[in-house]
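Structure file upload.txt (compact mmCIF, C-alpha atoms and all ligand atoms) is printed below.
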# COMPACT_ATOMS: atom_id res chain seq x y z
CA MET A 90 21.06 19.63 -28.38
CA GLY A 91 22.61 19.79 -24.99
CA ASN A 92 20.22 19.05 -22.25
CA LEU A 93 17.25 16.74 -22.09
CA ILE A 94 14.71 19.49 -22.59
CA ASP A 95 16.28 20.40 -25.97
CA VAL A 96 16.10 16.77 -27.05
CA PHE A 97 12.47 16.65 -26.05
CA VAL A 98 11.69 19.82 -28.00
CA ASP A 99 13.55 18.49 -31.08
CA THR A 100 11.53 15.29 -30.96
CA PHE A 101 8.35 17.28 -31.22
CA ARG A 102 9.56 19.62 -33.96
CA VAL A 103 6.94 18.46 -36.41
CA PRO A 104 4.96 20.52 -39.01
CA ASN A 105 2.06 21.45 -36.74
CA PHE A 106 4.39 22.23 -33.93
CA ASN A 107 7.08 24.43 -35.34
CA SER A 108 6.54 27.95 -34.16
CA SER A 109 9.06 29.24 -31.72
CA ARG A 110 6.19 30.43 -29.55
CA GLN A 111 4.87 26.88 -29.19
CA MET A 112 8.34 25.55 -28.46
CA ARG A 113 8.88 28.17 -25.82
CA LYS A 114 5.58 27.13 -24.27
CA LEU A 115 6.61 23.48 -24.24
CA ARG A 116 9.95 24.34 -22.74
CA PHE A 117 8.17 26.39 -20.12
CA ASP A 118 5.71 23.57 -19.38
CA ILE A 119 8.41 20.97 -18.87
CA GLU A 120 10.32 23.20 -16.55
CA GLN A 121 7.17 24.22 -14.73
CA ASP A 122 6.11 20.58 -14.38
CA HIS A 123 9.43 19.77 -12.82
CA LYS A 124 9.06 22.67 -10.38
CA ASP A 125 5.56 21.50 -9.57
CA ILE A 126 6.73 17.95 -8.89
CA VAL A 127 9.36 19.24 -6.50
CA THR A 128 6.75 21.48 -4.87
CA LEU A 129 4.37 18.53 -4.58
CA LEU A 130 6.88 16.41 -2.70
CA GLU A 131 8.03 19.25 -0.49
CA SER A 132 4.42 20.13 0.33
CA VAL A 133 3.67 16.53 1.29
CA LYS A 134 6.81 16.41 3.40
CA TYR A 135 5.69 19.43 5.39
CA GLY A 136 2.01 18.47 5.39
CA ILE A 137 0.85 21.36 3.18
CA TRP A 138 -1.83 19.30 1.48
CA GLN A 139 -3.85 22.25 0.23
CA LYS A 140 -0.99 23.06 -2.14
CA VAL A 141 -0.75 19.42 -3.24
CA TRP A 142 -4.40 19.24 -4.17
CA THR A 143 -4.27 22.60 -5.95
CA ILE A 144 -1.47 21.36 -8.22
CA LEU A 145 -3.07 17.96 -8.79
CA GLU A 146 -6.37 19.58 -9.74
CA THR A 147 -4.80 21.07 -12.86
CA LYS A 148 -2.04 18.47 -13.40
CA PRO A 149 -3.29 15.12 -12.10
CA TYR A 150 -0.67 13.28 -14.20
CA LEU A 151 2.07 14.53 -11.88
CA VAL A 152 0.91 12.25 -9.09
CA ASN A 153 3.13 9.38 -10.25
CA CYS A 154 6.17 11.49 -11.11
CA CYS A 155 9.47 11.46 -9.25
CA PRO A 156 11.74 14.48 -9.36
CA GLU A 157 15.32 13.97 -10.50
CA ASN A 158 17.55 12.18 -8.01
CA SER A 159 14.53 10.77 -6.19
CA ARG A 160 12.47 7.61 -6.36
CA TRP A 161 9.60 9.06 -4.38
CA THR A 162 6.22 10.08 -5.69
CA VAL A 163 3.58 11.97 -3.75
CA PHE A 164 1.95 8.66 -2.90
CA HIS A 165 5.21 7.11 -1.67
CA GLN A 166 5.86 10.13 0.46
CA ALA A 167 2.35 10.17 1.91
CA VAL A 168 2.61 6.49 2.80
CA TRP A 169 6.05 6.89 4.26
CA LEU A 170 4.83 9.75 6.46
CA ASN A 171 1.66 7.82 7.31
CA THR A 172 -0.69 10.67 6.41
CA LYS A 173 -3.72 8.44 6.43
CA GLU A 174 -6.50 10.83 5.40
CA GLN A 175 -4.56 11.81 2.30
CA ILE A 176 -3.57 8.25 1.41
CA ILE A 177 -7.26 7.43 1.36
CA LYS A 178 -7.96 10.31 -1.03
CA LEU A 179 -5.04 9.77 -3.41
CA PRO A 180 -6.25 6.47 -4.94
CA ASP A 181 -9.39 8.26 -6.11
CA LEU A 182 -7.34 10.22 -8.64
CA PRO A 183 -7.96 8.52 -11.99
CA THR A 184 -4.29 8.83 -12.91
CA ILE A 185 -2.73 7.32 -9.82
CA ASP A 186 -0.72 4.12 -9.93
CA ILE A 187 -1.46 2.43 -6.62
CA GLU A 188 0.60 -0.62 -7.51
CA VAL A 189 3.79 1.30 -6.79
CA ASN A 190 5.83 -0.08 -3.93
CA THR A 191 6.71 2.19 -1.08
CA LYS A 192 10.29 2.43 0.06
CA GLU A 193 9.10 0.97 3.32
CA ALA A 194 7.29 -1.89 1.63
CA ALA A 195 10.09 -2.51 -0.85
CA LYS A 196 12.36 -3.19 2.08
CA GLY A 197 9.67 -5.55 3.34
CA PHE A 198 9.42 -7.42 0.08
CA ALA A 199 13.04 -8.47 0.37
CA MET A 200 12.40 -9.74 3.86
CA THR A 201 9.02 -11.41 3.53
CA ASP A 202 10.25 -14.53 1.80
CA GLY A 203 7.16 -14.93 -0.29
CA CYS A 204 4.56 -13.36 -2.52
CA HIS A 205 1.31 -11.78 -1.37
CA THR A 206 -2.01 -12.27 -3.09
CA ILE A 207 -4.96 -10.05 -2.43
CA ILE A 208 -8.05 -12.16 -2.67
CA ASN A 209 -10.78 -10.74 -4.88
CA ALA A 210 -9.49 -7.25 -4.38
CA THR A 211 -11.68 -5.88 -7.12
CA SER A 212 -14.86 -7.33 -5.65
CA PHE A 213 -14.09 -7.06 -2.00
CA SER A 214 -17.65 -6.32 -1.04
CA THR A 215 -18.37 -10.03 -1.44
CA SER A 216 -14.98 -11.47 -0.60
CA ALA A 217 -15.00 -11.06 3.19
CA ASP A 218 -15.07 -14.41 4.94
CA ASN A 219 -14.69 -16.01 8.35
CA PHE A 220 -11.27 -16.95 9.66
CA ALA A 221 -11.50 -20.69 8.96
CA ASN A 222 -12.58 -20.08 5.37
CA ALA A 223 -9.82 -17.51 4.89
CA VAL A 224 -7.26 -20.10 6.05
CA ALA A 225 -8.83 -22.81 3.86
CA ILE A 226 -9.10 -20.66 0.73
CA CYS A 227 -5.48 -19.50 1.01
CA SER A 228 -4.35 -23.06 1.64
CA GLY A 229 -6.30 -24.27 -1.37
CA GLU A 230 -4.21 -22.10 -3.64
CA GLY A 231 -0.88 -23.09 -2.12
CA SER A 232 -0.69 -20.04 0.14
CA ASN A 233 -1.14 -19.18 3.79
CA LEU A 234 -3.39 -16.60 5.34
CA VAL A 235 -0.77 -13.89 5.71
CA GLU A 236 1.28 -14.22 8.90
CA VAL A 237 2.82 -10.84 9.67
CA ARG A 238 6.47 -11.46 10.48
CA THR A 239 8.04 -8.00 10.27
CA ALA A 240 7.00 -4.38 10.71
CA GLU A 241 7.87 -3.78 7.05
CA GLU A 242 5.58 -6.56 5.86
CA GLU A 243 2.88 -5.17 8.09
CA ALA A 244 3.36 -1.73 6.54
CA TRP A 245 2.74 -3.20 3.10
CA ILE A 246 -0.33 -5.12 4.25
CA TRP A 247 -1.67 -2.05 6.02
CA LEU A 248 -1.22 0.02 2.86
CA GLN A 249 -3.01 -2.54 0.69
CA SER A 250 -5.83 -2.62 3.22
CA LEU A 251 -6.04 1.14 3.37
CA ILE A 252 -6.16 1.80 -0.35
CA ARG A 253 -8.89 -0.82 -0.76
CA ARG A 254 -10.97 0.71 2.03
CA PHE A 255 -10.77 -2.40 4.22
CA ASN A 256 -11.41 -1.31 7.80
CA ILE A 257 -10.00 -4.53 9.15
CA LEU A 258 -8.56 -7.78 7.85
CA TRP A 259 -7.66 -11.22 9.16
CA ILE A 260 -4.05 -12.08 9.78
CA GLY A 261 -2.77 -15.60 10.36
CA LEU A 262 -2.71 -15.84 14.16
CA THR A 263 -5.11 -17.71 16.46
CA ASP A 264 -5.46 -19.21 19.94
CA VAL A 265 -8.38 -21.43 19.00
CA VAL A 266 -6.40 -24.60 19.79
CA ASN A 267 -4.85 -23.54 23.13
CA GLN A 268 -6.53 -20.58 24.78
CA ASN A 269 -4.23 -17.59 25.21
CA LYS A 270 -1.46 -19.27 23.24
CA TYR A 271 -1.47 -17.51 19.91
CA VAL A 272 0.18 -19.42 17.05
CA TYR A 273 0.47 -19.30 13.27
CA PRO A 274 -2.22 -21.51 11.67
CA SER A 275 0.25 -22.80 9.06
CA SER A 276 2.83 -24.18 11.52
CA GLY A 277 1.45 -24.01 15.05
CA ARG A 278 4.50 -21.92 15.99
CA LYS A 279 4.55 -18.89 18.25
CA PRO A 280 4.65 -15.53 16.44
CA ILE A 281 8.03 -13.89 15.88
CA TYR A 282 6.44 -10.44 15.61
CA THR A 283 3.29 -8.99 17.18
CA ASN A 284 1.63 -5.61 17.19
CA TRP A 285 -1.36 -5.98 19.52
CA GLU A 286 -3.31 -2.92 20.55
CA LYS A 287 -2.86 -2.10 24.23
CA GLY A 288 -5.14 -4.43 26.22
CA GLN A 289 -5.31 -6.98 23.37
CA PRO A 290 -5.74 -9.88 22.95
CA GLN A 291 -8.51 -10.14 25.50
CA ILE A 292 -8.30 -13.17 27.77
CA GLY A 293 -11.28 -15.40 28.41
CA THR A 294 -13.48 -14.18 25.59
CA ASN A 295 -14.84 -15.79 22.47
CA GLU A 296 -12.32 -13.86 20.46
CA ASP A 297 -9.71 -16.29 19.18
CA CYS A 298 -8.61 -14.91 15.82
CA ALA A 299 -6.34 -11.96 15.11
CA ALA A 300 -7.08 -9.06 12.83
CA LEU A 301 -5.27 -5.91 11.77
CA GLN A 302 -7.36 -2.76 12.17
CA THR A 303 -6.58 -0.30 9.42
CA GLY A 304 -7.50 2.76 11.47
CA SER A 305 -5.18 2.07 14.40
CA ARG A 306 -2.67 -0.09 12.48
CA LYS A 307 -2.81 -2.44 15.49
CA TRP A 308 -3.97 -6.00 16.12
CA HIS A 309 -7.14 -7.07 17.93
CA ASP A 310 -8.60 -10.50 18.61
CA TYR A 311 -12.06 -11.09 17.15
CA PRO A 312 -14.66 -13.86 17.10
CA CYS A 313 -13.48 -16.19 14.34
CA HIS A 314 -16.90 -16.36 12.71
CA HIS A 315 -16.77 -12.66 11.81
CA LYS A 316 -16.37 -12.00 8.12
CA MET A 317 -13.38 -9.91 7.08
CA HIS A 318 -11.14 -9.36 4.11
CA TYR A 319 -7.79 -11.10 4.05
CA ILE A 320 -4.55 -11.52 2.14
CA CYS A 321 -2.93 -14.83 1.22
CA LYS A 322 0.83 -15.23 1.03
CA LYS A 323 2.54 -17.76 -1.15
CA PRO A 324 5.73 -19.07 0.50
CA ALA A 325 8.90 -18.44 -1.51
CA LYS A 326 9.56 -22.17 -1.69
CA HIS A 327 6.43 -22.47 -3.83
CA PHE A 328 8.38 -20.83 -6.66
CA ALA A 329 11.56 -22.85 -6.22
CA CA B 401 -8.86 -16.22 22.92

Take the structure from the file and write it as structure tokens.
Amino acid sequence: MGNLIDVFVDTFRVPNFNSSRQMRKLRFDIEQDHKDIVTLLESVKYGIWQKVWTILETKPYLVNCCPENSRWTVFHQAVWLNTKEQIIKLPDLPTIDIEVNTKEAAKGFAMTDGCHTIINATSFSTSADNFANAVAICSGEGSNLVEVRTAEEEAWIWLQSLIRRFNILWIGLTDVVNQNKYVYPSSGRKPIYTNWEKGQPQIGTNEDCAALQTGSRKWHDYPCHHKMHYICKKPAKHFA
């Protein structure tokens, strides 16, 4: 006994697994897996995705692994570095755990003062709705159509949108009551954080409801009758 690998080998020292050749192979595999995990993360860090996919082709189970002294997986790292094309591909791996929080989003969770619910995420092809219905449906379950209050919260919302292939989604912000005065639907208050695309929102149009575009990670105003996906957020006080 001594190090963890020895313990692991001892655990598996069972009748059909007792030749020294097999044990050497296991030892080799564990060590090689660890090297591969480190290589995976380093490759992501430097954008060498060809290497990442080569490793994951033969060892897809490594996608959720963190090397020692790290709490990052390939997916975390890809999200953190905002490598969009790869983030879109990663959830297609049958082994991936997309419910993991990113470091960025984890920071956001502490600051968002509430709990997010993704409406009908598994059947999103039928769950898109107009802005008024999105507000009403969230409200009906004791939530609000998500009002993006920090960049970290936005990062989490963007990620959820991305991995579910939403091109765009409603966020809780509208000037339908007073033109060009955007407010939160839940309180009528002015936003404390915005991330409009340059030239947005457009003044004097029929576009009175705000949406986050996944591609640009920026906000645009849209006609409120458009149907989009959306996320509800339950205020923290709901759980008190
Ligand atoms: Ca408007």

**OP:** Report the distance between CA of Gln289 (chain A) and CA of Val265 (chain A) in Å, rounded to one decimal place.
**Re:**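 So the answer is 15.4 Å.
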
Original post:
How many Å lie between CA of Cys154 (chain A) and CA of Leu248 (chain A), rounded to one decimal?
Top reply: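 According to the coordinates, CA of Cys154 (chain A) and CA of Leu248 (chain A) are separated by 19.5 Å.
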
**OP:** Would you please work out which residue, of A:Ala223, A:Ile292, A:Ala299, A:Val237, is nearest to ligand CA 401 (chain B) when using all atoms listed in the file?
**Re:**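 Of A:Ala223, A:Ile292, A:Ala299, A:Val237, the one nearest ligand CA 401 (chain B) is A:Ile292, counting all atoms listed in the file.
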
**OP:** Write out as an MDAnalysis selection string each polymer residue whose atoms come within 9 Å of region 137-146 of chain A, counting only C-alpha atoms; drop sequence neighbours fewer than 5 positions from it.
**Re:** chainID A and resid 125:126 128:132 151:152 163 175 182

Contacts of chain A with ligand CA 401 (chain B) up to 9 Å, shortest pair per row, all atoms listed in the file, as a tab-separated table:
residue	atom	partner	partner_atom	distance
A:Thr263	CA	B:CA401	CA	7.6
A:Asp264	CA	B:CA401	CA	5.4
A:Val265	CA	B:CA401	CA	6.5
A:Asn267	CA	B:CA401	CA	8.3
A:Gln268	CA	B:CA401	CA	5.3
A:Asn269	CA	B:CA401	CA	5.3
A:Lys270	CA	B:CA401	CA	8.0
A:Tyr271	CA	B:CA401	CA	8.1
A:Pro290	CA	B:CA401	CA	7.1
A:Gln291	CA	B:CA401	CA	6.6
A:Ile292	CA	B:CA401	CA	5.8
A:Gly293	CA	B:CA401	CA	6.1
A:Thr294	CA	B:CA401	CA	5.7
A:Asn295	CA	B:CA401	CA	6.0
A:Glu296	CA	B:CA401	CA	4.9
A:Asp297	CA	B:CA401	CA	3.8
A:Cys298	CA	B:CA401	CA	7.2
A:Asp310	CA	B:CA401	CA	7.2
A:Tyr311	CA	B:CA401	CA	8.4
A:Pro312	CA	B:CA401	CA	8.5

**OP:** Can you work out which one of A:Ser305, A:Phe255, A:His165, A:Glu236 has the shortest atom-to-atom distance to Pro280 (chain A), counting only C-alpha atoms?
**Re:**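 Ranking A:Ser305, A:Phe255, A:His165, A:Glu236 by distance to Pro280 (chain A), first place goes to A:Glu236.
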
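Atom pair CA of Arg254 (chain A) / CA of Thr303 (chain A): separated by 8.7 Å.
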
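Here the residues that fall within 10 Å of (-1.2, -24.6, 11.3), using only C-alpha atoms, are given as Val224, Asn233, Gly261, Leu262, Thr263, Val266, Val272, Tyr273, Pro274, Ser275, Ser276, Gly277 and Arg278 of chain A.
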